[in-house]
file input-v8.cif (mmCIF, C-alpha atoms)
data_work
#
loop_
_atom_site.label_atom_id
_atom_site.label_comp_id
_atom_site.auth_asym_id
_atom_site.auth_seq_id
_atom_site.Cartn_x
_atom_site.Cartn_y
_atom_site.Cartn_z
CA MET A 1 -42.46 -106.21 205.64
CA THR A 2 -40.98 -106.50 202.14
CA SER A 3 -41.27 -102.76 201.49
CA PHE A 4 -39.62 -102.06 204.86
CA LEU A 5 -36.67 -104.32 204.02
CA GLN A 6 -36.32 -102.82 200.55
CA GLN A 7 -36.28 -99.30 201.94
CA ALA A 8 -33.82 -100.35 204.64
CA PHE A 9 -31.51 -101.75 201.99
CA ASN A 10 -31.90 -98.55 199.94
CA GLY A 11 -30.93 -96.66 203.08
CA LEU A 12 -27.79 -98.73 203.53
CA VAL A 13 -26.76 -98.02 199.92
CA SER A 14 -27.33 -94.28 200.34
CA GLY A 15 -25.57 -94.45 203.68
CA SER A 16 -22.57 -96.06 202.02
CA PHE A 17 -21.92 -92.84 200.09
CA TYR A 18 -22.37 -90.78 203.26
CA ALA A 19 -20.00 -93.13 205.07
CA LEU A 20 -17.24 -92.94 202.43
CA LEU A 21 -17.43 -89.16 202.18
CA ALA A 22 -17.67 -88.70 205.94
CA LEU A 23 -14.72 -91.07 206.40
CA GLY A 24 -12.56 -88.88 204.15
CA LEU A 25 -13.69 -85.71 205.91
CA ALA A 26 -13.07 -87.20 209.35
CA VAL A 27 -9.55 -88.33 208.45
CA ILE A 28 -8.67 -84.92 207.00
CA PHE A 29 -10.13 -82.97 209.90
CA GLY A 30 -8.60 -85.26 212.48
CA MET A 31 -5.08 -84.86 211.07
CA LEU A 32 -5.12 -81.29 209.73
CA ARG A 33 -8.00 -79.65 211.62
CA VAL A 34 -9.18 -78.42 208.21
CA VAL A 35 -12.88 -78.32 207.32
CA ASN A 36 -12.59 -79.30 203.65
CA PHE A 37 -15.65 -77.77 201.99
CA ALA A 38 -14.30 -78.87 198.59
CA HIS A 39 -14.98 -82.50 199.51
CA GLY A 40 -18.32 -82.50 197.68
CA ALA A 41 -16.68 -81.01 194.59
CA LEU A 42 -14.04 -83.77 194.68
CA TYR A 43 -16.83 -86.34 194.81
CA MET A 44 -18.35 -84.63 191.76
CA LEU A 45 -14.97 -84.65 189.97
CA GLY A 46 -14.74 -88.40 190.62
CA ALA A 47 -18.06 -88.95 188.85
CA PHE A 48 -17.12 -86.65 185.95
CA GLY A 49 -13.73 -88.35 185.75
CA ALA A 50 -15.50 -91.63 185.00
CA VAL A 51 -17.61 -89.90 182.34
CA ALA A 52 -14.56 -88.21 180.77
CA LEU A 53 -12.55 -91.46 180.61
CA ALA A 54 -15.45 -93.22 178.91
CA ASP A 55 -16.04 -90.41 176.40
CA SER A 56 -12.47 -89.49 175.52
CA ALA A 57 -10.53 -92.74 175.93
CA GLY A 58 -13.22 -95.39 175.84
CA LEU A 59 -12.16 -96.68 179.26
CA GLY A 60 -14.87 -98.42 181.26
CA PHE A 61 -15.87 -98.52 184.90
CA TRP A 62 -13.03 -100.65 186.26
CA TRP A 63 -10.35 -98.38 184.77
CA ALA A 64 -12.17 -95.35 186.16
CA LEU A 65 -12.39 -96.97 189.59
CA LEU A 66 -8.60 -97.38 189.56
CA LEU A 67 -7.35 -94.26 187.76
CA VAL A 68 -9.70 -91.48 188.88
CA PRO A 69 -9.17 -91.83 192.67
CA LEU A 70 -5.40 -92.09 192.13
CA ALA A 71 -5.32 -88.99 189.93
CA LEU A 72 -7.42 -86.92 192.32
CA ALA A 73 -5.44 -88.17 195.34
CA VAL A 74 -2.29 -86.82 193.65
CA ALA A 75 -4.11 -83.56 192.92
CA GLY A 76 -5.15 -83.45 196.58
CA THR A 77 -1.55 -83.78 197.76
CA LEU A 78 -0.56 -80.87 195.50
CA LEU A 79 -3.49 -78.83 196.83
CA GLU A 80 -2.37 -79.44 200.40
CA ARG A 81 1.27 -78.67 199.63
CA LEU A 82 0.72 -75.53 197.57
CA LEU A 83 -2.29 -73.89 199.23
CA ILE A 84 -3.76 -75.44 202.36
CA ARG A 85 -0.43 -75.82 204.20
CA ARG A 86 0.25 -72.09 203.83
CA LEU A 87 -2.91 -71.27 205.80
CA THR A 88 -2.85 -73.88 208.58
CA ALA A 89 -1.12 -71.53 211.03
CA LEU A 90 -3.92 -68.98 210.58
CA ASP A 91 -7.54 -68.99 211.70
CA PRO A 92 -9.31 -72.16 210.40
CA LEU A 93 -11.79 -69.88 208.65
CA TYR A 94 -9.16 -69.10 206.01
CA ASN A 95 -8.89 -72.71 204.87
CA PHE A 96 -12.66 -73.07 205.01
CA LEU A 97 -13.01 -70.10 202.65
CA LEU A 98 -10.22 -71.45 200.43
CA THR A 99 -11.84 -74.86 200.02
CA PHE A 100 -15.25 -73.23 199.53
CA GLY A 101 -13.78 -71.13 196.71
CA ILE A 102 -12.16 -74.22 195.16
CA ALA A 103 -15.54 -75.98 195.20
CA LEU A 104 -17.19 -73.07 193.39
CA VAL A 105 -14.43 -72.94 190.77
CA CYS A 106 -14.72 -76.70 190.10
CA GLN A 107 -18.49 -76.46 189.74
CA ASP A 108 -18.34 -73.51 187.33
CA LEU A 109 -15.58 -75.06 185.18
CA LEU A 110 -17.59 -78.25 184.74
CA ARG A 111 -20.76 -76.27 184.12
CA MET A 112 -18.94 -74.37 181.36
CA LYS A 113 -17.83 -77.62 179.71
CA TYR A 114 -20.85 -79.87 180.21
CA GLY A 115 -23.66 -77.45 180.95
CA ALA A 116 -26.16 -77.81 183.76
CA GLN A 117 -27.79 -80.98 182.43
CA SER A 118 -26.90 -84.41 183.77
CA GLN A 119 -24.42 -86.55 181.85
CA PRO A 120 -25.29 -90.19 181.10
CA TYR A 121 -22.97 -92.93 182.30
CA GLU A 122 -23.92 -96.44 181.24
CA HIS A 123 -20.72 -98.33 181.93
CA GLY A 124 -21.59 -99.72 185.33
CA PRO A 125 -20.93 -103.44 185.89
CA PHE A 126 -23.36 -106.07 187.18
CA PRO A 127 -26.59 -105.24 185.32
CA GLY A 128 -29.91 -106.66 186.46
CA SER A 129 -31.13 -107.69 189.87
CA MET A 130 -30.33 -110.44 192.33
CA ASP A 131 -32.63 -112.40 194.62
CA LEU A 132 -32.07 -111.49 198.28
CA GLY A 133 -34.79 -113.78 199.57
CA LEU A 134 -37.81 -111.61 200.24
CA PHE A 135 -37.11 -109.16 197.41
CA ASP A 136 -34.94 -108.50 194.38
CA PHE A 137 -32.33 -105.74 194.45
CA PRO A 138 -30.07 -104.26 191.73
CA ARG A 139 -26.76 -106.12 191.57
CA TYR A 140 -24.75 -102.96 191.21
CA GLN A 141 -26.15 -101.43 194.38
CA VAL A 142 -25.27 -104.59 196.30
CA PHE A 143 -21.75 -104.21 194.91
CA VAL A 144 -21.59 -100.55 196.04
CA LEU A 145 -22.65 -101.50 199.55
CA ALA A 146 -20.11 -104.33 199.73
CA VAL A 147 -17.26 -102.10 198.49
CA SER A 148 -18.15 -99.33 200.95
CA VAL A 149 -18.31 -101.69 203.94
CA ALA A 150 -15.02 -103.32 202.91
CA LEU A 151 -13.27 -99.94 202.53
CA CYS A 152 -14.54 -98.62 205.85
CA LEU A 153 -13.43 -101.83 207.57
CA ALA A 154 -10.02 -101.68 205.87
CA VAL A 155 -9.45 -98.08 206.99
CA TRP A 156 -10.49 -98.94 210.55
CA LEU A 157 -8.04 -101.88 210.59
CA LEU A 158 -5.32 -99.66 209.13
CA LEU A 159 -5.82 -97.08 211.87
CA THR A 160 -6.08 -99.56 214.74
CA ARG A 161 -3.76 -102.42 213.78
CA THR A 162 -0.74 -100.83 212.06
CA ARG A 163 2.10 -98.56 213.10
CA ILE A 164 1.08 -95.96 210.51
CA GLY A 165 -2.45 -95.95 211.91
CA THR A 166 -1.10 -95.55 215.44
CA ILE A 167 0.93 -92.52 214.38
CA VAL A 168 -2.02 -90.96 212.55
CA ARG A 169 -4.35 -91.51 215.51
CA ALA A 170 -1.77 -90.13 217.94
CA ALA A 171 -1.21 -87.07 215.76
CA THR A 172 -4.96 -86.62 215.56
CA GLU A 173 -5.69 -86.88 219.28
CA ARG A 174 -2.48 -85.64 220.98
CA PRO A 175 -0.25 -83.83 218.44
CA GLU A 176 1.96 -82.12 221.05
CA LEU A 177 2.66 -85.37 222.89
CA THR A 178 3.40 -87.11 219.59
CA TRP A 179 5.98 -84.44 218.75
CA ALA A 180 7.48 -84.83 222.24
CA PHE A 181 8.20 -88.50 221.47
CA GLY A 182 10.20 -87.43 218.43
CA ILE A 183 7.66 -88.47 215.78
CA ASP A 184 7.51 -86.12 212.81
CA THR A 185 3.78 -85.86 212.27
CA GLY A 186 4.21 -83.31 209.48
CA ARG A 187 5.37 -85.97 207.04
CA TRP A 188 1.99 -87.71 207.31
CA VAL A 189 -0.18 -84.65 206.71
CA THR A 190 0.07 -84.60 202.90
CA PRO A 191 -0.57 -88.35 202.29
CA VAL A 192 -3.49 -88.30 204.73
CA PHE A 193 -5.06 -85.39 202.86
CA GLY A 194 -4.50 -87.15 199.54
CA PHE A 195 -6.04 -90.32 200.95
CA GLY A 196 -9.16 -88.44 202.06
CA VAL A 197 -9.48 -86.86 198.62
CA GLY A 198 -9.07 -90.27 196.99
CA LEU A 199 -11.96 -91.64 199.06
CA ALA A 200 -14.20 -88.79 197.87
CA ALA A 201 -13.21 -89.45 194.25
CA LEU A 202 -13.84 -93.18 194.63
CA ALA A 203 -17.31 -92.46 196.01
CA GLY A 204 -17.93 -90.28 192.95
CA VAL A 205 -16.92 -93.06 190.54
CA LEU A 206 -19.20 -95.49 192.39
CA ALA A 207 -22.05 -92.97 192.17
CA ALA A 208 -21.71 -92.35 188.41
CA PRO A 209 -23.70 -95.42 187.19
CA MET A 210 -26.60 -94.82 189.59
CA ARG A 211 -26.76 -91.06 190.28
CA ALA A 212 -27.31 -88.01 188.08
CA VAL A 213 -23.83 -86.83 187.10
CA ASN A 214 -24.01 -83.03 187.03
CA SER A 215 -22.12 -80.03 188.38
CA GLY A 216 -24.44 -79.67 191.37
CA MET A 217 -24.25 -83.24 192.68
CA GLY A 218 -21.48 -82.47 195.18
CA GLY A 219 -23.10 -79.35 196.55
CA ASP A 220 -26.37 -81.20 197.06
CA LEU A 221 -24.63 -83.85 199.16
CA ILE A 222 -21.89 -82.08 201.12
CA ILE A 223 -24.19 -80.31 203.62
CA THR A 224 -25.71 -83.64 204.65
CA VAL A 225 -22.23 -85.19 204.89
CA PHE A 226 -21.07 -82.37 207.18
CA ALA A 227 -24.09 -83.06 209.38
CA VAL A 228 -23.14 -86.75 209.41
CA VAL A 229 -19.58 -85.92 210.52
CA VAL A 230 -20.85 -83.60 213.26
CA ILE A 231 -23.25 -86.26 214.53
CA GLY A 232 -20.55 -88.93 214.56
CA GLY A 233 -17.98 -86.60 216.10
CA LEU A 234 -15.43 -84.44 214.28
CA GLY A 235 -12.30 -86.48 213.67
CA SER A 236 -13.93 -89.77 214.73
CA VAL A 237 -13.59 -92.34 211.94
CA PHE A 238 -15.84 -94.92 213.59
CA GLY A 239 -18.45 -92.29 214.52
CA SER A 240 -18.54 -90.83 210.99
CA VAL A 241 -19.02 -94.22 209.34
CA LEU A 242 -21.69 -95.33 211.80
CA ALA A 243 -23.53 -92.00 211.48
CA GLY A 244 -23.34 -92.23 207.67
CA PHE A 245 -25.11 -95.58 207.50
CA THR A 246 -27.57 -94.53 210.22
CA ILE A 247 -28.56 -91.33 208.41
CA GLY A 248 -29.01 -93.24 205.15
CA MET A 249 -31.35 -95.67 206.88
CA LEU A 250 -33.20 -92.86 208.66
CA GLN A 251 -33.85 -90.96 205.43
CA ALA A 252 -34.95 -94.07 203.52
CA LEU A 253 -37.38 -95.18 206.22
CA GLY A 254 -38.55 -91.58 206.56
CA ASN A 255 -39.46 -91.61 202.85
CA LEU A 256 -41.59 -94.66 203.55
CA TYR A 257 -43.38 -93.54 206.72
CA VAL A 258 -42.99 -89.75 207.14
CA PRO A 259 -41.98 -88.31 203.74
CA VAL A 260 -42.33 -84.70 204.87
CA LEU A 261 -39.56 -85.16 207.46
CA SER A 262 -37.23 -87.47 205.53
CA GLN A 263 -34.85 -84.75 204.33
CA THR A 264 -34.89 -82.70 207.52
CA SER A 265 -34.47 -85.66 209.89
CA VAL A 266 -30.66 -85.49 209.68
CA TYR A 267 -30.64 -81.88 210.85
CA LEU A 268 -33.13 -82.57 213.64
CA LEU A 269 -30.92 -85.45 214.79
CA MET A 270 -27.85 -83.21 214.60
CA ALA A 271 -29.53 -80.58 216.78
CA VAL A 272 -30.47 -83.17 219.39
CA VAL A 273 -26.99 -84.71 219.42
CA LEU A 274 -25.30 -81.33 219.78
CA LEU A 275 -27.57 -80.43 222.69
CA VAL A 276 -26.67 -83.65 224.50
CA ARG A 277 -23.04 -84.11 223.32
CA PRO A 278 -21.55 -80.97 221.71
CA ALA A 279 -18.54 -82.99 220.47
CA GLY A 280 -20.75 -85.54 218.68
CA LEU A 281 -21.56 -89.12 219.60
CA PHE A 282 -17.95 -90.37 219.44
CA GLY A 283 -16.01 -87.10 219.38
CA LYS A 284 -13.78 -85.88 222.18
CA GLU A 285 -14.08 -82.55 223.89
CA GLU A 286 -11.17 -80.25 223.18
CA HIS A 287 -9.95 -78.23 226.16
CA ALA A 288 -8.01 -75.03 225.90
#
call {"tool": "encode", "arguments": {"input": "input-v8.cif", "output": "structure tokens"}}
result
Amino acid sequence: MTSFLQQAFNGLVSGSFYALLALGLAVIFGMLRVVNFAHGALYMLGAFGAVALADSAGLGFWWALLLVPLALAVAGTLLERLLIRRLTALDPLYNFLLTFGIALVCQDLLRMKYGAQSQPYEHGPFPGSMDLGLFDFPRYQVFVLAVSVALCLAVWLLLTRTRIGTIVRAATERPELTWAFGIDTGRWVTPVFGFGVGLAALAGVLAAPMRAVNSGMGGDLIITVFAVVVIGGLGSVFGSVLAGFTIGMLQALGNLYVPVLSQTSVYLLMAVVLLVRPAGLFGKEEHA
């Protein structure tokens, strides 16, 4: 029983990274209809940003948690303004190839500077473990889970309880009707993209104290995150978050009971979901 609970908690922590990344992807796709393949690279840049601040300026985790997402969110707004916006009127494949190329460039630049080996980051807060009743668990991982749940809840409340959220959801689901009511949805595109990028960077900073910080960490994760978004439903914030935590749990429990299937379980689940609901569990069918 104890090992089951420990693995379940490990799954929730892993799922928190999936949920944060999938949340950013879902928001960007819902508003822009852009499949941002650079999302994993932005997560990687968040982790390396924490390392760079510690090495060059001596700034610890809390400064990195504040400054790195803000800096990359600004970079994301410039990326959308200067490059992505120019291709939105064309086939979506063009922006997919653009963001894929950006991801490769980011990986190679960091590989040139830091090499292929992992970089140490020992500035995480909350060392040691805490007693959760039946087992002990690292304090920092409890913190990561709490932050992820709080952020996902905050974004959901923002989208469902505020005027800005209403506009974003309307522009996501019925853009033509939103325009017909005289609402300029274009003004929200850039900040929404920057917000999604900031979420990816924040996930990277959170990952730095507990994951191997290297140039391949984003590429290793982004395929699974795309599967998570597809399972939850493209553009569905709630579906992406729920699928993220579910996949984390599924993989962790798979490692305990069926290790050979733990890494492929997400793709098997995606295949089943797409056969039953091609739009994903909480996605909406788009009609021509």
call {"tool": "residues_around", "arguments": {"input": "input-v8.cif", "residues": "Val189 in chain A", "least_positions_apart": "4", "cutoff": "9 Å", "atoms": "all atoms listed in the file", "output": "list in words"}}
result
Ile28, Met31, Leu32, Glu80, Val168, Thr185, Phe193 and Gly194 of chain A
call {"tool": "write_last_selection", "arguments": {"input": "input-v8.cif", "atoms": "C-alpha atoms", "output": "PDB file, in the frame of the given file"}}
result
ATOM      1  CA  ILE A  28      -8.670 -84.920 207.000  1.00  0.00           C
ATOM      2  CA  MET A  31      -5.080 -84.860 211.070  1.00  0.00           C
ATOM      3  CA  LEU A  32      -5.120 -81.290 209.730  1.00  0.00           C
ATOM      4  CA  GLU A  80      -2.370 -79.440 200.400  1.00  0.00           C
ATOM      5  CA  VAL A 168      -2.020 -90.960 212.550  1.00  0.00           C
ATOM      6  CA  THR A 185       3.780 -85.860 212.270  1.00  0.00           C
ATOM      7  CA  PHE A 193      -5.060 -85.390 202.860  1.00  0.00           C
ATOM      8  CA  GLY A 194      -4.500 -87.150 199.540  1.00  0.00           C
TER       9      GLY A 194
END
call {"tool": "closest_residue", "arguments": {"input": "input-v8.cif", "among": "A:Leu42, A:Leu159, A:Ala19, A:Ala50", "to": "Gly218 in chain A", "atoms": "all atoms listed in the file"}}
result
A:Leu42
call {"tool": "atom_distance", "arguments": {"input": "input-v8.cif", "atom1": "CA of Ala22 in chain A", "atom2": "CA of Val229 in chain A"}}
result
5.7 Å
call {"tool": "atom_distance", "arguments": {"input": "input-v8.cif", "atom1": "CA of Ile222 in chain A", "atom2": "CA of Ala203 in chain A"}}
result
12.4 Å
call {"tool": "resolve_selection", "arguments": {"input": "input-v8.cif", "expression": "the PyMOL selection byres ((chain A and resi 96) around 12)", "output": "MDAnalysis selection string"}}
result
chainID A and resid 29 33:39 83:84 87:88 90:95 97:103
call {"tool": "residues_around", "arguments": {"input": "input-v8.cif", "residues": "range 2-8 of chain A", "least_positions_apart": "4", "cutoff": "12 Å", "atoms": "all atoms listed in the file", "output": "PyMOL selection string"}}
result
chain A and resi 12-15+131-138+141-142+245-257
call {"tool": "atom_distance", "arguments": {"input": "input-v8.cif", "atom1": "CA of Leu275 in chain A", "atom2": "CA of Ser16 in chain A"}}
result
26.4 Å
call {"tool": "residues_around", "arguments": {"input": "input-v8.cif", "residues": "Val155 in chain A", "least_positions_apart": "4", "cutoff": "12 Å", "atoms": "all atoms listed in the file", "output": "CSV table (one decimal) with C-alpha atoms, in the frame of the given file"}}
result
chain,number,residue,atom,x,y,z
A,19,ALA,CA,-20.0,-93.1,205.1
A,20,LEU,CA,-17.2,-92.9,202.4
A,23,LEU,CA,-14.7,-91.1,206.4
A,24,GLY,CA,-12.6,-88.9,204.2
A,26,ALA,CA,-13.1,-87.2,209.4
A,27,VAL,CA,-9.6,-88.3,208.4
A,148,SER,CA,-18.2,-99.3,201.0
A,149,VAL,CA,-18.3,-101.7,203.9
A,150,ALA,CA,-15.0,-103.3,202.9
A,151,LEU,CA,-13.3,-99.9,202.5
A,159,LEU,CA,-5.8,-97.1,211.9
A,160,THR,CA,-6.1,-99.6,214.7
A,161,ARG,CA,-3.8,-102.4,213.8
A,162,THR,CA,-0.7,-100.8,212.1
A,164,ILE,CA,1.1,-96.0,210.5
A,165,GLY,CA,-2.4,-96.0,211.9
A,168,VAL,CA,-2.0,-91.0,212.6
A,169,ARG,CA,-4.4,-91.5,215.5
A,192,VAL,CA,-3.5,-88.3,204.7
A,195,PHE,CA,-6.0,-90.3,201.0
A,196,GLY,CA,-9.2,-88.4,202.1
A,199,LEU,CA,-12.0,-91.6,199.1
A,237,VAL,CA,-13.6,-92.3,211.9
A,238,PHE,CA,-15.8,-94.9,213.6
A,241,VAL,CA,-19.0,-94.2,209.3
call {"tool": "closest_residue", "arguments": {"input": "input-v8.cif", "among": "A:Phe9, A:Phe226, A:Phe143, A:Tyr114", "to": "Pro127 in chain A", "atoms": "all atoms listed in the file"}}
result
A:Phe143
call {"tool": "decode", "arguments": {"input": "input-v8.cif", "residues": "range 141-152 of chain A", "atoms": "all heavy atoms", "output": "JSON list (two decimals), in the first residue's frame"}}
result
[["chain", "number", "residue", "atom", "x", "y", "z"],
["A", 141, "GLN", "N", 9.34, 18.51, -3.91],
["A", 141, "GLN", "CA", 8.37, 17.95, -4.83],
["A", 141, "GLN", "C", 6.93, 18.24, -4.39],
["A", 141, "GLN", "O", 6.05, 18.43, -5.23],
["A", 141, "GLN", "CB", 8.62, 16.45, -4.99],
["A", 141, "GLN", "CG", 9.95, 16.14, -5.64],
["A", 141, "GLN", "CD", 10.10, 14.68, -6.03],
["A", 141, "GLN", "OE1", 9.12, 14.01, -6.33],
["A", 141, "GLN", "NE2", 11.33, 14.18, -6.03],
["A", 142, "VAL", "N", 6.70, 18.28, -3.09],
["A", 142, "VAL", "CA", 5.39, 18.70, -2.58],
["A", 142, "VAL", "C", 5.12, 20.15, -2.98],
["A", 142, "VAL", "O", 4.01, 20.51, -3.39],
["A", 142, "VAL", "CB", 5.32, 18.52, -1.05],
["A", 142, "VAL", "CG1", 3.99, 19.06, -0.52],
["A", 142, "VAL", "CG2", 5.50, 17.06, -0.66],
["A", 143, "PHE", "N", 6.15, 20.97, -2.89],
["A", 143, "PHE", "CA", 6.04, 22.37, -3.30],
["A", 143, "PHE", "C", 5.70, 22.48, -4.79],
["A", 143, "PHE", "O", 4.83, 23.27, -5.18],
["A", 143, "PHE", "CB", 7.35, 23.09, -2.99],
["A", 143, "PHE", "CG", 7.50, 24.43, -3.66],
["A", 143, "PHE", "CD1", 6.80, 25.54, -3.20],
["A", 143, "PHE", "CD2", 8.35, 24.58, -4.74],
["A", 143, "PHE", "CE1", 6.94, 26.78, -3.83],
["A", 143, "PHE", "CE2", 8.50, 25.81, -5.36],
["A", 143, "PHE", "CZ", 7.79, 26.91, -4.91],
["A", 144, "VAL", "N", 6.38, 21.71, -5.63],
["A", 144, "VAL", "CA", 6.13, 21.73, -7.07],
["A", 144, "VAL", "C", 4.67, 21.36, -7.37],
["A", 144, "VAL", "O", 4.00, 22.01, -8.18],
["A", 144, "VAL", "CB", 7.09, 20.77, -7.81],
["A", 144, "VAL", "CG1", 6.65, 20.57, -9.26],
["A", 144, "VAL", "CG2", 8.50, 21.33, -7.78],
["A", 145, "LEU", "N", 4.20, 20.31, -6.72],
["A", 145, "LEU", "CA", 2.81, 19.89, -6.93],
["A", 145, "LEU", "C", 1.84, 20.98, -6.50],
["A", 145, "LEU", "O", 0.86, 21.28, -7.21],
["A", 145, "LEU", "CB", 2.55, 18.59, -6.16],
["A", 145, "LEU", "CG", 1.13, 18.02, -6.25],
["A", 145, "LEU", "CD1", 0.76, 17.72, -7.70],
["A", 145, "LEU", "CD2", 1.01, 16.76, -5.40],
["A", 146, "ALA", "N", 2.09, 21.59, -5.35],
["A", 146, "ALA", "CA", 1.19, 22.65, -4.86],
["A", 146, "ALA", "C", 1.18, 23.85, -5.80],
["A", 146, "ALA", "O", 0.11, 24.41, -6.10],
["A", 146, "ALA", "CB", 1.63, 23.08, -3.45],
["A", 147, "VAL", "N", 2.35, 24.27, -6.28],
["A", 147, "VAL", "CA", 2.43, 25.40, -7.21],
["A", 147, "VAL", "C", 1.69, 25.09, -8.51],
["A", 147, "VAL", "O", 0.95, 25.93, -9.04],
["A", 147, "VAL", "CB", 3.90, 25.76, -7.49],
["A", 147, "VAL", "CG1", 4.00, 26.75, -8.66],
["A", 147, "VAL", "CG2", 4.54, 26.36, -6.26],
["A", 148, "SER", "N", 1.88, 23.89, -9.03],
["A", 148, "SER", "CA", 1.23, 23.51, -10.30],
["A", 148, "SER", "C", -0.29, 23.50, -10.16],
["A", 148, "SER", "O", -0.99, 24.03, -11.03],
["A", 148, "SER", "CB", 1.73, 22.13, -10.75],
["A", 148, "SER", "OG", 3.13, 22.13, -10.94],
["A", 149, "VAL", "N", -0.79, 22.91, -9.09],
["A", 149, "VAL", "CA", -2.24, 22.87, -8.87],
["A", 149, "VAL", "C", -2.78, 24.28, -8.72],
["A", 149, "VAL", "O", -3.83, 24.63, -9.29],
["A", 149, "VAL", "CB", -2.58, 22.01, -7.64],
["A", 149, "VAL", "CG1", -4.06, 22.14, -7.28],
["A", 149, "VAL", "CG2", -2.24, 20.54, -7.91],
["A", 150, "ALA", "N", -2.08, 25.13, -7.97],
["A", 150, "ALA", "CA", -2.53, 26.50, -7.76],
["A", 150, "ALA", "C", -2.55, 27.28, -9.07],
["A", 150, "ALA", "O", -3.50, 28.03, -9.34],
["A", 150, "ALA", "CB", -1.62, 27.20, -6.74],
["A", 151, "LEU", "N", -1.52, 27.11, -9.91],
["A", 151, "LEU", "CA", -1.47, 27.82, -11.19],
["A", 151, "LEU", "C", -2.59, 27.35, -12.12],
["A", 151, "LEU", "O", -3.24, 28.17, -12.78],
["A", 151, "LEU", "CB", -0.11, 27.60, -11.84],
["A", 151, "LEU", "CG", 1.02, 28.52, -11.38],
["A", 151, "LEU", "CD1", 2.34, 28.08, -11.99],
["A", 151, "LEU", "CD2", 0.73, 29.96, -11.76],
["A", 152, "CYS", "N", -2.79, 26.05, -12.20],
["A", 152, "CYS", "CA", -3.84, 25.52, -13.07],
["A", 152, "CYS", "C", -5.21, 26.03, -12.62],
["A", 152, "CYS", "O", -6.06, 26.40, -13.44],
["A", 152, "CYS", "CB", -3.81, 24.00, -13.07],
["A", 152, "CYS", "SG", -2.36, 23.28, -13.87]]
